[in-house]
Amino acid sequence: MYAALVQTLHFSAGFDVVANDDVTHSVRFRLPNDNGEYEARVIADGMHSAVIIEAPAGTAGGSAAYSRLYRELAEQIVAQSTVVPHDVIAKRRFRQAIVADNDGPRSKWAIGAVVFACGALLGALAMFSDLRPDWQVCVTLIVSLFVVCGIAFAVTGRNGKVSGRNLVLIAFAISCLASVLLLCATIVVQIRYSTTLAISETMAQTASALPLEMPKQQ
């Protein structure tokens, strides 16, 4: 029961673990947007065990959080009672670490990442009609896209103070598509520009090699 409690609190997006005590089988945690510390303690009596949650003094709410904790704890106990391969557990933990979010206010970085990625996508489509390739702009845009996504990813998530991890993942997907289009557009423009330049140089060399006809004297 205690192992399931620790797992539930550590990997749930709705709780921030402060510390856990393996001797007393208790875990101290906080709720999002709540500075008070709660304590969940496992009490065992022979074949039976129970989890008791102690709220900080002066706390009126918390029933929704208690229900969520008990529900997720029950799911964790069922999951632990089933033999699961270690690689599957590792994949689940990785996925949970990527998609886990919190109940904080929406991150401006996450919103900005989506807007910036959509703008870069439209810019990439417009670049196909450029006359000259600009590799500096292409590389700068691609790097900027993933830097913004990285910052948005860092400030959101289970341990972040702001939410919006789902928006960050959407922005990352759009950024990948925009990066591919930026590279393709720059390559296409480069080929077209090089071909046009080569044809122009060939025509200029041909024109310079033609003999000039002298006008006939009367």
# chains A, B, ... in the order shown; residues from 1 in each chain; ligands from 1
$ select_by_dssp --residues "region 1-30 of chain A" --states "strand (DSSP E)" --output "PyMOL selection string"
chain A and resi 16-21+26-30
$ residues_around --residues "Val189 (chain A)" --least-positions-apart "2" --cutoff "10 Å" --atoms "only C-alpha atoms" --output "NGL selection string"
:A and (127-134 or 183-187 or 191-195)
$ select_by_dssp --residues "region 4-216 of chain A" --states "helix (DSSP H, G or I)" --output "PyMOL selection string"
chain A and resi 4-11+63-81+86-99+108-129+135-155+165-209
$ write_last_selection --atoms "C-alpha atoms" --output "CSV table (one decimal), in the first residue's frame"
chain,number,residue,atom,x,y,z
A,4,ALA,CA,1.4,2.4,-4.3
A,5,LEU,CA,0.9,5.7,-2.4
A,6,VAL,CA,4.4,7.0,-3.1
A,7,GLN,CA,4.0,6.0,-6.8
A,8,THR,CA,0.6,7.7,-7.1
A,9,LEU,CA,1.7,11.0,-5.5
A,10,HIS,CA,5.0,11.2,-7.4
A,11,PHE,CA,3.5,10.6,-10.9
A,63,SER,CA,-12.5,16.9,-0.8
A,64,ALA,CA,-12.1,16.8,-4.6
A,65,ALA,CA,-8.3,16.3,-4.1
A,66,TYR,CA,-9.0,13.5,-1.6
A,67,SER,CA,-11.3,11.7,-4.0
A,68,ARG,CA,-8.8,12.0,-6.8
A,69,LEU,CA,-6.0,10.6,-4.6
A,70,TYR,CA,-8.1,7.7,-3.4
A,71,ARG,CA,-9.2,6.9,-7.0
A,72,GLU,CA,-5.7,7.1,-8.5
A,73,LEU,CA,-4.4,5.1,-5.5
A,74,ALA,CA,-6.9,2.3,-6.2
A,75,GLU,CA,-5.9,2.3,-9.9
A,76,GLN,CA,-2.2,2.1,-8.8
A,77,ILE,CA,-2.8,-0.8,-6.5
A,78,VAL,CA,-4.6,-2.7,-9.3
A,79,ALA,CA,-1.8,-1.9,-11.7
A,80,GLN,CA,0.8,-3.1,-9.2
A,81,SER,CA,-1.1,-6.3,-8.6
A,86,HIS,CA,10.0,-3.3,-16.8
A,87,ASP,CA,10.1,-1.8,-20.3
A,88,VAL,CA,6.4,-1.2,-20.3
A,89,ILE,CA,6.7,0.5,-16.9
A,90,ALA,CA,9.6,2.7,-18.2
A,91,LYS,CA,7.5,3.7,-21.2
A,92,ARG,CA,4.6,4.6,-19.0
A,93,ARG,CA,6.7,6.7,-16.7
A,94,PHE,CA,8.3,8.5,-19.7
A,95,ARG,CA,4.9,9.2,-21.2
A,96,GLN,CA,3.6,10.5,-17.9
A,97,ALA,CA,6.6,12.7,-17.5
A,98,ILE,CA,6.0,14.2,-20.9
A,99,VAL,CA,2.2,14.7,-20.8
A,108,LYS,CA,2.1,32.5,-22.0
A,109,TRP,CA,5.1,30.7,-23.3
A,110,ALA,CA,2.9,27.7,-24.3
A,111,ILE,CA,0.5,30.0,-26.1
A,112,GLY,CA,3.3,31.9,-27.7
A,113,ALA,CA,4.9,28.7,-28.9
A,114,VAL,CA,1.8,27.7,-30.7
A,115,VAL,CA,1.4,31.1,-32.3
A,116,PHE,CA,5.0,31.3,-33.3
A,117,ALA,CA,4.9,27.8,-34.8
A,118,CYS,CA,1.8,28.6,-36.8
A,119,GLY,CA,3.5,31.8,-38.1
A,120,ALA,CA,6.6,29.9,-39.1
A,121,LEU,CA,4.5,27.3,-40.9
A,122,LEU,CA,2.8,30.0,-43.0
A,123,GLY,CA,6.2,31.6,-43.6
A,124,ALA,CA,7.6,28.3,-44.8
A,125,LEU,CA,4.8,28.0,-47.3
A,126,ALA,CA,5.4,31.6,-48.5
A,127,MET,CA,9.1,30.9,-48.9
A,128,PHE,CA,8.5,28.6,-51.9
A,129,SER,CA,7.9,31.7,-54.1
A,135,TRP,CA,19.8,29.9,-45.4
A,136,GLN,CA,20.5,32.2,-42.5
A,137,VAL,CA,16.8,33.0,-42.1
A,138,CYS,CA,15.9,29.3,-42.4
A,139,VAL,CA,18.3,28.1,-39.8
A,140,THR,CA,17.5,31.0,-37.4
A,141,LEU,CA,13.8,30.2,-37.6
A,142,ILE,CA,14.2,26.5,-37.0
A,143,VAL,CA,16.5,27.1,-34.0
A,144,SER,CA,14.1,29.7,-32.6
A,145,LEU,CA,11.1,27.4,-32.9
A,146,PHE,CA,12.7,24.7,-30.8
A,147,VAL,CA,14.2,27.1,-28.3
A,148,VAL,CA,10.7,28.6,-27.6
A,149,CYS,CA,9.2,25.0,-27.4
A,150,GLY,CA,12.0,24.1,-25.0
A,151,ILE,CA,11.3,27.0,-22.7
A,152,ALA,CA,7.6,26.4,-22.8
A,153,PHE,CA,8.2,22.7,-22.0
A,154,ALA,CA,10.4,23.6,-19.0
A,155,VAL,CA,8.0,26.0,-17.3
A,165,ARG,CA,1.9,21.1,-21.6
A,166,ASN,CA,-0.7,20.0,-24.2
A,167,LEU,CA,-0.2,23.3,-26.0
A,168,VAL,CA,3.5,22.8,-25.9
A,169,LEU,CA,3.2,19.3,-27.5
A,170,ILE,CA,1.0,20.8,-30.2
A,171,ALA,CA,3.5,23.6,-30.8
A,172,PHE,CA,6.3,21.0,-31.0
A,173,ALA,CA,4.5,19.0,-33.7
A,174,ILE,CA,3.7,22.1,-35.7
A,175,SER,CA,7.4,23.2,-35.3
A,176,CYS,CA,8.6,19.9,-36.7
A,177,LEU,CA,6.3,20.3,-39.7
A,178,ALA,CA,7.4,23.9,-40.2
A,179,SER,CA,11.1,23.0,-40.0
A,180,VAL,CA,10.7,20.4,-42.7
A,181,LEU,CA,8.8,22.8,-44.9
A,182,LEU,CA,11.4,25.5,-44.3
A,183,LEU,CA,14.2,23.2,-45.4
A,184,CYS,CA,12.3,22.0,-48.4
A,185,ALA,CA,11.4,25.6,-49.5
A,186,THR,CA,15.0,26.8,-49.1
A,187,ILE,CA,16.3,23.8,-51.1
A,188,VAL,CA,13.7,24.3,-53.9
A,189,VAL,CA,14.5,28.0,-54.1
A,190,GLN,CA,18.3,27.2,-54.0
A,191,ILE,CA,17.9,24.8,-57.0
A,192,ARG,CA,15.7,27.2,-58.9
A,193,TYR,CA,18.1,30.1,-58.3
A,194,SER,CA,21.2,28.0,-59.2
A,195,THR,CA,19.5,26.8,-62.4
A,196,THR,CA,18.4,30.3,-63.4
A,197,LEU,CA,21.9,31.6,-62.7
A,198,ALA,CA,23.6,28.9,-64.7
A,199,ILE,CA,21.3,29.5,-67.7
A,200,SER,CA,22.0,33.3,-67.5
A,201,GLU,CA,25.7,32.7,-67.4
A,202,THR,CA,25.5,30.3,-70.3
A,203,MET,CA,23.5,32.7,-72.4
A,204,ALA,CA,26.0,35.5,-71.6
A,205,GLN,CA,28.9,33.4,-72.6
A,206,THR,CA,27.2,32.4,-75.8
A,207,ALA,CA,26.4,36.0,-76.7
A,208,SER,CA,30.0,37.1,-76.0
A,209,ALA,CA,31.3,34.4,-78.3
$ residues_around --residues "Glu37 (chain A)" --least-positions-apart "3" --cutoff "7 Å" --atoms "only C-alpha atoms" --output "list in words"
Arg28, Phe29, Arg30 and Pro56 of chain A
$ write_last_selection --atoms "all heavy atoms" --output "CSV table (one decimal), in the first residue's frame"
chain,number,residue,atom,x,y,z
A,28,ARG,N,4.3,13.6,2.7
A,28,ARG,CA,3.8,15.0,2.7
A,28,ARG,C,3.8,15.6,1.3
A,28,ARG,O,4.7,15.4,0.6
A,28,ARG,CB,4.8,15.8,3.6
A,28,ARG,CG,4.6,15.4,5.1
A,28,ARG,CD,5.4,16.4,6.0
A,28,ARG,NE,6.9,16.2,5.9
A,28,ARG,CZ,7.7,17.1,5.4
A,28,ARG,NH1,7.2,18.3,5.0
A,28,ARG,NH2,9.0,16.9,5.3
A,29,PHE,N,2.7,16.2,1.0
A,29,PHE,CA,2.5,16.8,-0.4
A,29,PHE,C,1.7,18.1,-0.3
A,29,PHE,O,1.1,18.4,0.7
A,29,PHE,CB,1.8,15.7,-1.2
A,29,PHE,CG,0.4,15.4,-0.8
A,29,PHE,CD1,-0.7,16.1,-1.3
A,29,PHE,CD2,0.2,14.4,0.1
A,29,PHE,CE1,-1.9,15.7,-0.9
A,29,PHE,CE2,-1.1,14.1,0.6
A,29,PHE,CZ,-2.1,14.7,0.0
A,30,ARG,N,1.7,18.8,-1.4
A,30,ARG,CA,1.0,20.0,-1.6
A,30,ARG,C,0.0,19.9,-2.8
A,30,ARG,O,0.3,19.0,-3.7
A,30,ARG,CB,1.9,21.2,-1.8
A,30,ARG,CG,2.8,21.6,-0.6
A,30,ARG,CD,3.4,23.0,-0.9
A,30,ARG,NE,4.2,23.4,0.2
A,30,ARG,CZ,5.5,23.3,0.2
A,30,ARG,NH1,6.2,22.8,-0.8
A,30,ARG,NH2,6.2,23.7,1.3
A,56,PRO,N,-3.8,20.5,6.5
A,56,PRO,CA,-3.2,21.6,7.4
A,56,PRO,C,-4.3,22.3,8.1
A,56,PRO,O,-5.5,22.3,7.7
A,56,PRO,CB,-2.5,22.5,6.5
A,56,PRO,CG,-3.1,22.2,5.1
A,56,PRO,CD,-3.5,20.8,5.1
$ atom_distance --atom1 "CA of Arg41 (chain A)" --atom2 "CA of Ser26 (chain A)"
4.1 Å
$ atom_distance --atom1 "CA of Asn159 (chain A)" --atom2 "CA of Ser49 (chain A)"
29.5 Å
$ residues_around --residues "region 101-103 of chain A" --least-positions-apart "5" --cutoff "6 Å" --atoms "only C-alpha atoms" --output "number ranges by chain"
A: 13, 157-158, 163, 165
$ atom_distance --atom1 "CA of Val17 (chain A)" --atom2 "CA of Glu39 (chain A)"
9.8 Å
$ decode --residues "region 44-56 of chain A" --atoms "C-alpha atoms" --output "PDB file, in the first residue's frame"
ATOM      1  CA  ALA A  44      -1.788  -1.304   8.624  1.00  0.00           C
ATOM      2  CA  ASP A  45      -3.742  -3.661  10.856  1.00  0.00           C
ATOM      3  CA  GLY A  46      -2.855  -7.264  10.134  1.00  0.00           C
ATOM      4  CA  MET A  47      -4.134  -8.124   6.661  1.00  0.00           C
ATOM      5  CA  HIS A  48      -5.838  -4.764   6.157  1.00  0.00           C
ATOM      6  CA  SER A  49      -4.418  -1.294   5.542  1.00  0.00           C
ATOM      7  CA  ALA A  50      -5.822   2.163   5.029  1.00  0.00           C
ATOM      8  CA  VAL A  51      -4.660   5.608   3.967  1.00  0.00           C
ATOM      9  CA  ILE A  52      -5.441   8.571   6.192  1.00  0.00           C
ATOM     10  CA  ILE A  53      -5.039  12.120   4.879  1.00  0.00           C
ATOM     11  CA  GLU A  54      -4.352  14.933   7.328  1.00  0.00           C
ATOM     12  CA  ALA A  55      -5.010  18.471   6.086  1.00  0.00           C
ATOM     13  CA  PRO A  56      -3.231  21.564   7.420  1.00  0.00           C
TER      14      PRO A  56
END
